[in-house]
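*Asks:* Pasting a structure below so you can have a look.
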2 protein chains.
Amino acid sequence: MWISRKTDYATRAVLALALADGRSLKSHEIALRTRIPSSFLEQIMSQLRGAGIVRSERGPAGGYRLNHAPKDITLERVVRLFQGPLAPISCATRSEPEPCPMEVECSLKETWEEVRDVTIKILERTNFATLAKRAGGRWVDVELLPRRVPASFN
Amino acid sequence: MWISRKTDYATRAVLALALADGRSLKSHEIALRTRIPSSFLEQIMSQLRGAGIVRSERGPAGGYRLNHAPKDITLERVVRLFQGPLAPISCATRSEPEPCPMEVECSLKETWEEVRDVTIKILERTNFATLAKRAGGRWVDVELLPRRVPASFN
DNA sequence: ACTATTCCGACTTTTCTTATCAACAATGTC
DNA sequence: GACATTGTTGATAAGAAAAGTCGGAATAGT
């Protein structure tokens with residue numbers, strides 16, 4: 001339960017764009033399909049754009065699209081952007097591990113590092129082409145789905 | 001960074017007890033060796049006791065000791081006790097996964113489950129006998145270490 | 001001009017974490 | 001039985017982080 005809702009939203013938004021297959025989507029459309037509150041999504045898209053994962057066009061006919069091929073965007077990249085370090089605990093981060101405060105350095109660290117490493121490995125080898133393909137069957141007729149619009153999404 | 005400080009403390013406290021090799025430790029001693037604030041440690045020990053991981057004796061000469069052999073206490077058990085579900089996201093918990101709110105169920109779930117599963121596997125195969133042994137060399141002369149006592153640990 | 005959209009930053013609300021404290025209960029010592 | 005030492009429990013508070021809202025500015029098409 002360590003993926004924040006914001007990170008969850010971000011990955012879903014990118015997935016929605018990957019499924020749009022190069023076409024651009026308006027922020028409002030993304031919000032609808034992914035069930036992300038519109039106002040919150042703005043923040044997220046802005047951050048994705050700042051990181052170069054997404055690019056945008058303004059004005060009517062504007063919207064968002066991916067800035068790279070889906071296969072070149074790993075889940076690791078998106079998660080790391082919103083989540084920060086992927087280690088389960090601060091003494092086990094790759095970059096600047098906090099020193100263990102115990103009287104002697106504790107042996108738990110090695111296990112936390114193990115968890116960190118397999119996590120990173122999985123997220124690195126998962127890209128959005130794979131995710132889109134996996135979702136393809138379920139999502140393909142999305143244009144045809146009824147569009148119930150909850151109030152908060154307007 | 002998803003292991004809360006409380007969980008961190010709990011695992012360190014259990015490790016300290018595993019290293020005590022059957023002898024009982026006073027709460028104050030545990031606090032010293034692990035650098036856990038005494039007042040907070042109370043809560044944690046109480047919870048460990050409630051879960052049957054630790055047993056206690058009161059009065060002078062009281063203290064805590066492990067309720068099982070260290071090799072029978074997995075890291076998974078302690079972490080799960082304090083941390084709750086180990087899935088990175090609520091739609092991927094084993095017990096009662098929250099339904100995916102997207103228009104179509106999203107393909108990210110499978111990756112989150114993958115992360116969950118390897119995490120659980122690592123934590124399950126790590127027990128406190130292993131951890132104690134691993135720490136053994138570092139901790140063995142702990143009785144001889146100088147005892148700087150920070151104010152907040154009294 | 002008008003409208004639909006993105007862009008940006010400040011703000012609020014809620015929830016969780018991390019403790020701290022005080023009163024109480026049990027046990028051993030004198 | 002008085003007293004010191006330890007564990008037990010529950011209330012609560014301070015702070016940080018997460019989640020979401022809002023208003024208005026910039027941009028582009030019609």
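By convention here, the chains of the structure tokens are called A, B, ... in the order presented, each chain's residues are numbered starting at 1, and ligands are numbered starting at 1 in the order presented.
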As a ChimeraX atom specification, please: the residues near DA17 of chain D (cut-off 10 Å, only C-alpha atoms (C1' of nucleotides), same-chain neighbours under 3 positions excluded).

*Replies:* /C:15-17

*Asks:* Store the residues picked out above, limited to C-alpha atoms (C1' of nucleotides), as a PDB file, in the first residue's frame.

*Replies:*
ATOM      1  C1'  DT C  15      -5.800  11.627   7.207  1.00  0.00           C
ATOM      2  C1'  DC C  16      -1.803   9.385   9.021  1.00  0.00           C
ATOM      3  C1'  DT C  17       2.338   9.261  11.553  1.00  0.00           C
TER       4       DT C  17
END

*Asks:* Within segment 100-133 of chain B, find each residue whose DSSP state, derived from the backbone, is helix (DSSP H, G or I), and express the selection as a list in words.

*Replies:* Leu108, Lys109, Glu110, Thr111, Trp112, Glu113, Glu114, Val115, Arg116, Asp117, Val118, Thr119, Ile120, Lys121, Ile122, Leu123, Glu124, Arg125, Phe128, Ala129, Thr130, Leu131, Ala132 and Lys133 of chain B

*Asks:* Name the residues in contact with segment 22-26 of chain C at a cut-off of 10 Å, using only C-alpha atoms (C1' of nucleotides), excluding same-chain residues fewer than 4 positions from it; report them as a short mmCIF file (atom, residue, chain, number, x, y, z; two decimals) with N, CA and C atoms (P, O5', C5', C4', C3', O3' and C1' of nucleotides), in the first residue's frame.

*Replies:*
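Wrote result.cif, looks like this:
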data_model
loop_
_atom_site.label_atom_id
_atom_site.label_comp_id
_atom_site.auth_asym_id
_atom_site.auth_seq_id
_atom_site.Cartn_x
_atom_site.Cartn_y
_atom_site.Cartn_z
N GLU B 57 7.30 -9.93 31.41
CA GLU B 57 7.17 -10.12 32.85
C GLU B 57 7.26 -8.75 33.51
N ARG B 58 6.46 -8.59 34.57
CA ARG B 58 6.43 -7.27 35.20
C ARG B 58 7.32 -7.22 36.43
N GLY B 59 7.32 -6.03 37.02
CA GLY B 59 8.10 -5.83 38.23
C GLY B 59 9.57 -5.70 37.94
N PRO B 60 10.34 -5.40 38.96
CA PRO B 60 11.78 -5.32 38.78
C PRO B 60 12.21 -6.72 38.35
P DT D 6 14.01 -1.11 36.40
"O5'" DT D 6 12.76 -1.47 35.49
"C5'" DT D 6 12.46 -2.84 35.26
"C4'" DT D 6 10.97 -3.04 35.13
"C3'" DT D 6 10.34 -2.59 33.83
"O3'" DT D 6 10.45 -3.60 32.85
"C1'" DT D 6 8.88 -2.41 35.72
P DG D 7 9.95 -3.28 31.36
"O5'" DG D 7 8.41 -3.66 31.44
"C5'" DG D 7 8.02 -5.03 31.50
"C4'" DG D 7 6.53 -5.13 31.75
"C3'" DG D 7 5.64 -4.88 30.53
"O3'" DG D 7 4.50 -5.73 30.58
"C1'" DG D 7 5.10 -3.32 32.19
P DT D 8 3.33 -5.64 29.52
"O5'" DT D 8 2.41 -4.50 30.08
"C5'" DT D 8 1.54 -4.78 31.18
"C4'" DT D 8 0.20 -4.07 30.98
"C3'" DT D 8 -0.29 -3.97 29.54
"O3'" DT D 8 -1.68 -4.25 29.53
"C1'" DT D 8 -0.09 -1.79 30.47
P DT D 9 -2.52 -4.29 28.19
"O5'" DT D 9 -3.26 -2.89 28.19
"C5'" DT D 9 -3.68 -2.32 29.44
"C4'" DT D 9 -4.24 -0.92 29.24
"C3'" DT D 9 -4.72 -0.61 27.82
"O3'" DT D 9 -6.09 -0.26 27.91
"C1'" DT D 9 -3.35 1.15 28.64
P DG D 10 -6.93 0.03 26.53
"O5'" DG D 10 -7.16 1.61 26.63
"C5'" DG D 10 -7.46 2.20 27.89
"C4'" DG D 10 -7.37 3.71 27.77
"C3'" DG D 10 -7.91 4.26 26.44
"O3'" DG D 10 -8.63 5.46 26.71
"C1'" DG D 10 -5.68 4.95 26.72
P DA D 11 -9.49 6.15 25.57
"O5'" DA D 11 -9.17 7.69 25.83
"C5'" DA D 11 -8.66 8.10 27.11
"C4'" DA D 11 -7.92 9.41 26.97
"C3'" DA D 11 -8.37 10.28 25.79
"O3'" DA D 11 -8.52 11.62 26.24
"C1'" DA D 11 -6.04 9.84 25.63
#

*Asks:* Given only C-alpha atoms (C1' of nucleotides), how would the per-residue table for chain C near chain A read, listing every residue at most 10 Å away with its closest atom pair and distance in Å to one decimal, sorted by chain and number, as a tab-separated table?

*Replies:*
residue	atom	partner	partner_atom	distance
C:DT3	C1'	A:Pro60	CA	8.2
C:DA4	C1'	A:Pro60	CA	4.6
C:DT5	C1'	A:Gly59	CA	4.4
C:DT6	C1'	A:Arg58	CA	5.0
C:DC7	C1'	A:Ser46	CA	7.8
C:DC8	C1'	A:Gln43	CA	9.2

*Asks:* Take the selection from the previous step and output its residues with N, CA and C atoms (P, O5', C5', C4', C3', O3' and C1' of nucleotides), as a PDB file, in the first residue's frame.

*Replies:*
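Okay, this is what ended up in part-v8.pdb:
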ATOM      1  P    DT C   3     -18.839  32.918 -25.564  1.00  0.00           P
ATOM      2  O5'  DT C   3     -18.147  31.502 -25.782  1.00  0.00           O
ATOM      3  C5'  DT C   3     -18.046  30.962 -27.098  1.00  0.00           C
ATOM      4  C4'  DT C   3     -16.970  29.894 -27.114  1.00  0.00           C
ATOM      5  C3'  DT C   3     -16.880  29.073 -25.824  1.00  0.00           C
ATOM      6  O3'  DT C   3     -16.807  27.708 -26.169  1.00  0.00           O
ATOM      7  C1'  DT C   3     -14.749  29.894 -26.410  1.00  0.00           C
ATOM      8  P    DA C   4     -17.090  26.600 -25.057  1.00  0.00           P
ATOM      9  O5'  DA C   4     -15.864  25.615 -25.267  1.00  0.00           O
ATOM     10  C5'  DA C   4     -15.429  25.276 -26.572  1.00  0.00           C
ATOM     11  C4'  DA C   4     -13.982  24.821 -26.501  1.00  0.00           C
ATOM     12  C3'  DA C   4     -13.688  23.878 -25.319  1.00  0.00           C
ATOM     13  O3'  DA C   4     -12.909  22.801 -25.796  1.00  0.00           O
ATOM     14  C1'  DA C   4     -12.251  25.763 -25.248  1.00  0.00           C
ATOM     15  P    DT C   5     -12.841  21.499 -24.936  1.00  0.00           P
ATOM     16  O5'  DT C   5     -11.449  21.702 -24.189  1.00  0.00           O
ATOM     17  C5'  DT C   5     -10.250  21.396 -24.848  1.00  0.00           C
ATOM     18  C4'  DT C   5      -9.138  22.319 -24.426  1.00  0.00           C
ATOM     19  C3'  DT C   5      -8.454  21.972 -23.110  1.00  0.00           C
ATOM     20  O3'  DT C   5      -7.617  20.874 -23.250  1.00  0.00           O
ATOM     21  C1'  DT C   5      -8.440  24.321 -23.650  1.00  0.00           C
ATOM     22  P    DT C   6      -6.953  20.235 -21.978  1.00  0.00           P
ATOM     23  O5'  DT C   6      -5.593  21.058 -21.793  1.00  0.00           O
ATOM     24  C5'  DT C   6      -4.659  21.158 -22.867  1.00  0.00           C
ATOM     25  C4'  DT C   6      -3.702  22.307 -22.575  1.00  0.00           C
ATOM     26  C3'  DT C   6      -2.724  22.053 -21.418  1.00  0.00           C
ATOM     27  O3'  DT C   6      -1.447  22.554 -21.798  1.00  0.00           O
ATOM     28  C1'  DT C   6      -3.906  24.052 -21.041  1.00  0.00           C
ATOM     29  P    DC C   7      -0.202  22.424 -20.861  1.00  0.00           P
ATOM     30  O5'  DC C   7      -0.327  23.684 -19.905  1.00  0.00           O
ATOM     31  C5'  DC C   7       0.205  24.926 -20.342  1.00  0.00           C
ATOM     32  C4'  DC C   7       0.257  25.897 -19.179  1.00  0.00           C
ATOM     33  C3'  DC C   7       1.073  25.414 -17.973  1.00  0.00           C
ATOM     34  O3'  DC C   7       2.021  26.432 -17.681  1.00  0.00           O
ATOM     35  C1'  DC C   7      -1.039  26.241 -17.293  1.00  0.00           C
ATOM     36  P    DC C   8       3.333  26.124 -16.870  1.00  0.00           P
ATOM     37  O5'  DC C   8       2.996  26.741 -15.456  1.00  0.00           O
ATOM     38  C5'  DC C   8       2.639  28.130 -15.375  1.00  0.00           C
ATOM     39  C4'  DC C   8       1.976  28.400 -14.059  1.00  0.00           C
ATOM     40  C3'  DC C   8       2.609  27.674 -12.866  1.00  0.00           C
ATOM     41  O3'  DC C   8       3.317  28.649 -12.128  1.00  0.00           O
ATOM     42  C1'  DC C   8       0.224  27.761 -12.742  1.00  0.00           C
TER      43       DC C   8
END

*Asks:* Only residues of chain D matter here; which ones have an atom within 8 Å of chain A, counting only C-alpha atoms (C1' of nucleotides)? Give them as a list in words.

*Replies:*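 Here they are: DA18, DG20, DT21, DT27, DA28 and DG29 of chain D.
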
*Asks:* For the residues selected in the previous step, produce a file with N, CA and C atoms (P, O5', C5', C4', C3', O3' and C1' of nucleotides) as a compact mmCIF listing (two decimals), in the first residue's frame.

*Replies:*
# COMPACT_ATOMS: atom_id res chain seq x y z
P DA D 18 3.28 11.96 0.85
O5' DA D 18 1.69 11.94 0.76
C5' DA D 18 0.96 11.16 1.71
C4' DA D 18 -0.51 11.27 1.44
C3' DA D 18 -0.90 11.19 -0.04
O3' DA D 18 -2.06 10.39 -0.11
C1' DA D 18 -1.67 13.22 0.91
P DG D 20 -8.30 12.25 -3.96
O5' DG D 20 -8.76 13.76 -4.15
C5' DG D 20 -9.43 14.36 -3.03
C4' DG D 20 -9.41 15.83 -3.19
C3' DG D 20 -9.93 16.36 -4.52
O3' DG D 20 -11.20 16.93 -4.27
C1' DG D 20 -8.13 17.63 -3.67
P DT D 21 -12.02 17.59 -5.44
O5' DT D 21 -11.75 19.15 -5.18
C5' DT D 21 -11.82 19.62 -3.86
C4' DT D 21 -11.63 21.13 -3.85
C3' DT D 21 -12.32 21.87 -4.99
O3' DT D 21 -13.13 22.87 -4.41
C1' DT D 21 -10.03 22.53 -4.83
P DT D 27 1.35 32.82 -23.72
O5' DT D 27 0.40 31.91 -24.59
C5' DT D 27 0.38 30.50 -24.32
C4' DT D 27 -0.69 29.85 -25.18
C3' DT D 27 -0.69 30.30 -26.63
O3' DT D 27 -0.47 29.14 -27.42
C1' DT D 27 -2.88 30.19 -25.74
P DA D 28 0.03 29.27 -28.94
O5' DA D 28 -1.27 28.77 -29.68
C5' DA D 28 -1.80 27.50 -29.34
C4' DA D 28 -3.22 27.40 -29.81
C3' DA D 28 -3.43 27.81 -31.28
O3' DA D 28 -4.11 26.75 -31.91
C1' DA D 28 -5.02 28.84 -29.87
P DG D 29 -3.97 26.55 -33.47
O5' DG D 29 -5.50 26.61 -33.92
C5' DG D 29 -6.35 25.51 -33.63
C4' DG D 29 -7.74 26.02 -33.40
C3' DG D 29 -8.50 26.42 -34.67
O3' DG D 29 -9.62 25.58 -34.79
C1' DG D 29 -8.79 28.01 -32.96

*Asks:* Taking only residues of chain B that have an atom at most 9 Å from an atom of chain A, what is each one's shortest atom pair and its distance in Å to one decimal, using only C-alpha atoms, in chain and number order, as CSV?

*Replies:*
residue,atom,partner,partner_atom,distance
B:Met1,CA,A:Pro88,CA,4.1
B:Trp2,CA,A:Pro88,CA,4.9
B:Ile3,CA,A:Pro88,CA,5.4
B:Ser4,CA,A:Ile89,CA,7.8
B:Arg5,CA,A:Ile89,CA,8.5
B:Asp8,CA,A:Ile89,CA,8.0
B:Thr11,CA,A:Leu108,CA,8.1
B:Arg12,CA,A:Cys106,CA,7.8
B:Leu15,CA,A:Cys106,CA,8.5
B:Leu32,CA,A:Glu103,CA,7.9
B:Arg33,CA,A:Glu103,CA,5.3
B:Thr34,CA,A:Met102,CA,4.6
B:Arg35,CA,A:Met102,CA,5.6
B:Ile36,CA,A:Met102,CA,8.6
B:Gln83,CA,A:Met1,CA,8.7
B:Gly84,CA,A:Met1,CA,8.3
B:Pro85,CA,A:Met1,CA,6.6
B:Leu86,CA,A:Met1,CA,6.3
B:Ala87,CA,A:Met1,CA,5.4
B:Pro88,CA,A:Met1,CA,4.1
B:Ile89,CA,A:Met1,CA,4.4
B:Ser90,CA,A:Met1,CA,6.0
B:Ala92,CA,A:Met1,CA,8.8
B:Thr93,CA,A:Met1,CA,8.4
B:Pro101,CA,A:Arg35,CA,6.3
B:Met102,CA,A:Thr34,CA,4.6
B:Glu103,CA,A:Arg33,CA,5.3
B:Val104,CA,A:Trp139,CA,6.0
B:Glu105,CA,A:Arg138,CA,7.4
B:Cys106,CA,A:Ala135,CA,6.3
B:Ser107,CA,A:Ala135,CA,5.1
B:Leu108,CA,A:Leu131,CA,6.7
B:Thr111,CA,A:Ile122,CA,7.7
B:Glu114,CA,A:Ile122,CA,7.8
B:Val115,CA,A:Thr119,CA,5.9
B:Arg116,CA,A:Thr119,CA,8.9
B:Val118,CA,A:Val118,CA,7.3
B:Thr119,CA,A:Val115,CA,5.9
B:Ile122,CA,A:Val115,CA,7.0
B:Leu123,CA,A:Thr111,CA,7.8
B:Thr126,CA,A:Thr111,CA,7.7
B:Leu131,CA,A:Ser107,CA,5.8
B:Ala132,CA,A:Ser107,CA,7.5
B:Lys133,CA,A:Ser107,CA,8.8
B:Arg134,CA,A:Ser107,CA,6.0
B:Ala135,CA,A:Ser107,CA,5.1
B:Gly136,CA,A:Ser107,CA,8.9
B:Arg138,CA,A:Val104,CA,6.3
B:Trp139,CA,A:Val104,CA,6.1
B:Val142,CA,A:Glu103,CA,7.9
B:Leu145,CA,A:Glu103,CA,8.5

*Asks:* Write a file of the selected residues as an mmCIF file, in the first residue's frame, keeping C-alpha atoms.

*Replies:*
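Result file is again26.cif:
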data_model
loop_
_atom_site.group_PDB
_atom_site.id
_atom_site.type_symbol
_atom_site.label_atom_id
_atom_site.label_comp_id
_atom_site.auth_asym_id
_atom_site.auth_seq_id
_atom_site.Cartn_x
_atom_site.Cartn_y
_atom_site.Cartn_z
ATOM 1 C CA MET B 1 9.933 4.271 1.568
ATOM 2 C CA TRP B 2 6.793 2.490 2.511
ATOM 3 C CA ILE B 3 7.935 0.842 5.720
ATOM 4 C CA SER B 4 6.667 3.137 8.464
ATOM 5 C CA ARG B 5 8.963 4.072 11.269
ATOM 6 C CA ASP B 8 11.011 -0.345 11.347
ATOM 7 C CA THR B 11 11.553 -5.246 13.472
ATOM 8 C CA ARG B 12 14.562 -3.772 15.184
ATOM 9 C CA LEU B 15 16.002 -8.359 16.254
ATOM 10 C CA LEU B 32 18.933 2.079 24.041
ATOM 11 C CA ARG B 33 20.260 -0.511 21.675
ATOM 12 C CA THR B 34 17.841 0.193 18.873
ATOM 13 C CA ARG B 35 17.531 3.962 19.343
ATOM 14 C CA ILE B 36 13.799 3.834 19.656
ATOM 15 C CA GLN B 83 2.086 -2.498 8.101
ATOM 16 C CA GLY B 84 -1.093 -4.219 7.064
ATOM 17 C CA PRO B 85 -1.449 -5.461 3.481
ATOM 18 C CA LEU B 86 1.823 -5.815 1.611
ATOM 19 C CA ALA B 87 0.472 -5.022 -1.839
ATOM 20 C CA PRO B 88 1.802 -1.760 -3.234
ATOM 21 C CA ILE B 89 -1.709 -0.627 -4.050
ATOM 22 C CA SER B 90 -5.144 -1.355 -2.738
ATOM 23 C CA ALA B 92 -3.850 -5.642 -5.597
ATOM 24 C CA THR B 93 -4.338 -6.941 -2.068
ATOM 25 C CA PRO B 101 -12.220 2.343 -10.707
ATOM 26 C CA MET B 102 -11.184 2.744 -14.322
ATOM 27 C CA GLU B 103 -13.595 2.488 -17.175
ATOM 28 C CA VAL B 104 -12.078 -0.897 -17.904
ATOM 29 C CA GLU B 105 -10.067 -2.846 -15.417
ATOM 30 C CA CYS B 106 -6.527 -1.792 -15.838
ATOM 31 C CA SER B 107 -3.588 -3.891 -16.762
ATOM 32 C CA LEU B 108 -1.344 -2.341 -14.171
ATOM 33 C CA THR B 111 2.360 -5.807 -12.292
ATOM 34 C CA GLU B 114 3.906 -9.303 -9.215
ATOM 35 C CA VAL B 115 5.625 -6.798 -6.937
ATOM 36 C CA ARG B 116 3.446 -7.884 -4.054
ATOM 37 C CA VAL B 118 8.049 -11.213 -4.700
ATOM 38 C CA THR B 119 7.966 -8.908 -1.699
ATOM 39 C CA ILE B 122 11.391 -12.408 0.425
ATOM 40 C CA LEU B 123 9.883 -11.424 3.746
ATOM 41 C CA THR B 126 13.682 -14.187 6.079
ATOM 42 C CA LEU B 131 18.974 -11.933 10.767
ATOM 43 C CA ALA B 132 20.548 -12.473 14.169
ATOM 44 C CA LYS B 133 23.268 -14.610 12.700
ATOM 45 C CA ARG B 134 23.922 -12.039 10.023
ATOM 46 C CA ALA B 135 24.186 -9.315 12.663
ATOM 47 C CA GLY B 136 26.076 -11.506 15.096
ATOM 48 C CA ARG B 138 28.654 -6.762 14.544
ATOM 49 C CA TRP B 139 26.682 -6.989 17.739
ATOM 50 C CA VAL B 142 27.525 -4.828 22.520
ATOM 51 C CA LEU B 145 30.120 -0.523 23.915
#

*Asks:* Hey, what's within 10 Å of Asp72 of chain B if we count only C-alpha atoms (C1' of nucleotides) and toss same-chain stuff fewer than 3 positions away? As a PyMOL selection string, please?

*Replies:* chain B and resi 53+67-69+75+77+126-129

*Asks:* Could you check how far atom C1' of DA16 of chain D sits from atom C1' of DT18 of chain C, in Å to one decimal?

*Replies:*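 About the pair atom C1' of DA16 of chain D and atom C1' of DT18 of chain C: they are 9.8 Å apart.
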
*Asks:* One decimal, Å: what's the distance from atom CA of Arg125 of chain B over to atom CA of Ile73 of chain B, could you say?

*Replies:*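 Computing it gives 10.0 Å between the two atoms.
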
*Asks:* To one decimal in Å, tell me the separation between atom CA of Glu29 of chain B and atom C1' of DT12 of chain D.

*Replies:*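 Answer for the atom CA of Glu29 of chain B to atom C1' of DT12 of chain D separation: 26.8 Å.
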
*Asks:* Which residues are near DC30 of chain C? Cut-off 10 Å, only C-alpha atoms (C1' of nucleotides), ignore same chain within fewer than 2 positions. Put them as a list in words.

*Replies:*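 Residues meeting the cut-off are DG28 of chain C; DA2 and DC3 of chain D.
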
*Asks:* Would you mind exporting C-alpha atoms (C1' of nucleotides) of the selected residues as a compact mmCIF listing (two decimals), in the first residue's frame?

*Replies:*
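Result file follows (result13.txt):
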# COMPACT_ATOMS: atom_id res chain seq x y z
C1' DG C 28 10.00 -8.19 43.95
C1' DA D 2 5.87 0.55 52.15
C1' DC D 3 8.45 1.30 48.25

*Asks:* Residues at most 10 Å from DA13 of chain D, counting only C-alpha atoms (C1' of nucleotides), excluding those fewer than 2 positions away in the same chain, as a PDB file with N, CA and C atoms (P, O5', C5', C4', C3', O3' and C1' of nucleotides), in the first residue's frame?

*Replies:*
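Final file, selection35.pdb:
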ATOM      1  P    DA C  19       9.094   9.343  16.264  1.00  0.00           P
ATOM      2  O5'  DA C  19       8.399   8.545  17.460  1.00  0.00           O
ATOM      3  C5'  DA C  19       8.496   9.104  18.734  1.00  0.00           C
ATOM      4  C4'  DA C  19       7.396  10.144  18.974  1.00  0.00           C
ATOM      5  C3'  DA C  19       7.254  10.474  20.429  1.00  0.00           C
ATOM      6  O3'  DA C  19       8.101  11.557  20.729  1.00  0.00           O
ATOM      7  C1'  DA C  19       5.136  10.394  19.263  1.00  0.00           C
ATOM      8  P    DT C  20       8.858  11.574  22.130  1.00  0.00           P
ATOM      9  O5'  DT C  20       7.747  12.087  23.141  1.00  0.00           O
ATOM     10  C5'  DT C  20       7.010  13.257  22.787  1.00  0.00           C
ATOM     11  C4'  DT C  20       5.892  13.471  23.803  1.00  0.00           C
ATOM     12  C3'  DT C  20       6.289  13.115  25.240  1.00  0.00           C
ATOM     13  O3'  DT C  20       6.017  14.259  26.037  1.00  0.00           O
ATOM     14  C1'  DT C  20       4.221  12.120  24.664  1.00  0.00           C
TER      15       DT C  20
ATOM     16  P    DA D  11      -9.487   6.154  25.568  1.00  0.00           P
ATOM     17  O5'  DA D  11      -9.170   7.688  25.831  1.00  0.00           O
ATOM     18  C5'  DA D  11      -8.658   8.097  27.114  1.00  0.00           C
ATOM     19  C4'  DA D  11      -7.916   9.412  26.968  1.00  0.00           C
ATOM     20  C3'  DA D  11      -8.372  10.275  25.791  1.00  0.00           C
ATOM     21  O3'  DA D  11      -8.517  11.622  26.236  1.00  0.00           O
ATOM     22  C1'  DA D  11      -6.045   9.843  25.629  1.00  0.00           C
ATOM     23  P    DG D  15       4.525  21.488  16.427  1.00  0.00           P
ATOM     24  O5'  DG D  15       4.594  20.569  15.138  1.00  0.00           O
ATOM     25  C5'  DG D  15       5.313  19.345  15.245  1.00  0.00           C
ATOM     26  C4'  DG D  15       5.145  18.554  13.982  1.00  0.00           C
ATOM     27  C3'  DG D  15       5.200  19.402  12.710  1.00  0.00           C
ATOM     28  O3'  DG D  15       6.380  18.991  12.028  1.00  0.00           O
ATOM     29  C1'  DG D  15       3.386  17.828  12.655  1.00  0.00           C
TER      30       DG D  15
END

*Asks:* Name the residues of segment 15-117 of chain A that fall into strand (DSSP E or B) according to DSSP on the backbone, using the chain letters and numbers of this document, as a ChimeraX atom specification.

*Replies:* /A:25,54-57,63-66,74

*Asks:* Deliver the residues from the most recent selection as a file, using C-alpha atoms, as a PDB file, in the first residue's frame.

*Replies:*
ATOM      1  CA  LEU A  25      -6.493  13.237 -25.541  1.00  0.00           C
ATOM      2  CA  VAL A  54       4.062  13.779 -22.152  1.00  0.00           C
ATOM      3  CA  ARG A  55       3.680  16.777 -24.404  1.00  0.00           C
ATOM      4  CA  SER A  56       0.754  19.129 -24.698  1.00  0.00           C
ATOM      5  CA  GLU A  57      -0.984  21.501 -27.060  1.00  0.00           C
ATOM      6  CA  GLY A  63      -4.669  17.986 -25.393  1.00  0.00           C
ATOM      7  CA  TYR A  64      -1.968  15.586 -24.347  1.00  0.00           C
ATOM      8  CA  ARG A  65      -0.033  12.834 -26.057  1.00  0.00           C
ATOM      9  CA  LEU A  66       2.947  10.697 -25.196  1.00  0.00           C
ATOM     10  CA  THR A  74       8.936   2.195 -18.335  1.00  0.00           C
TER      11      THR A  74
END
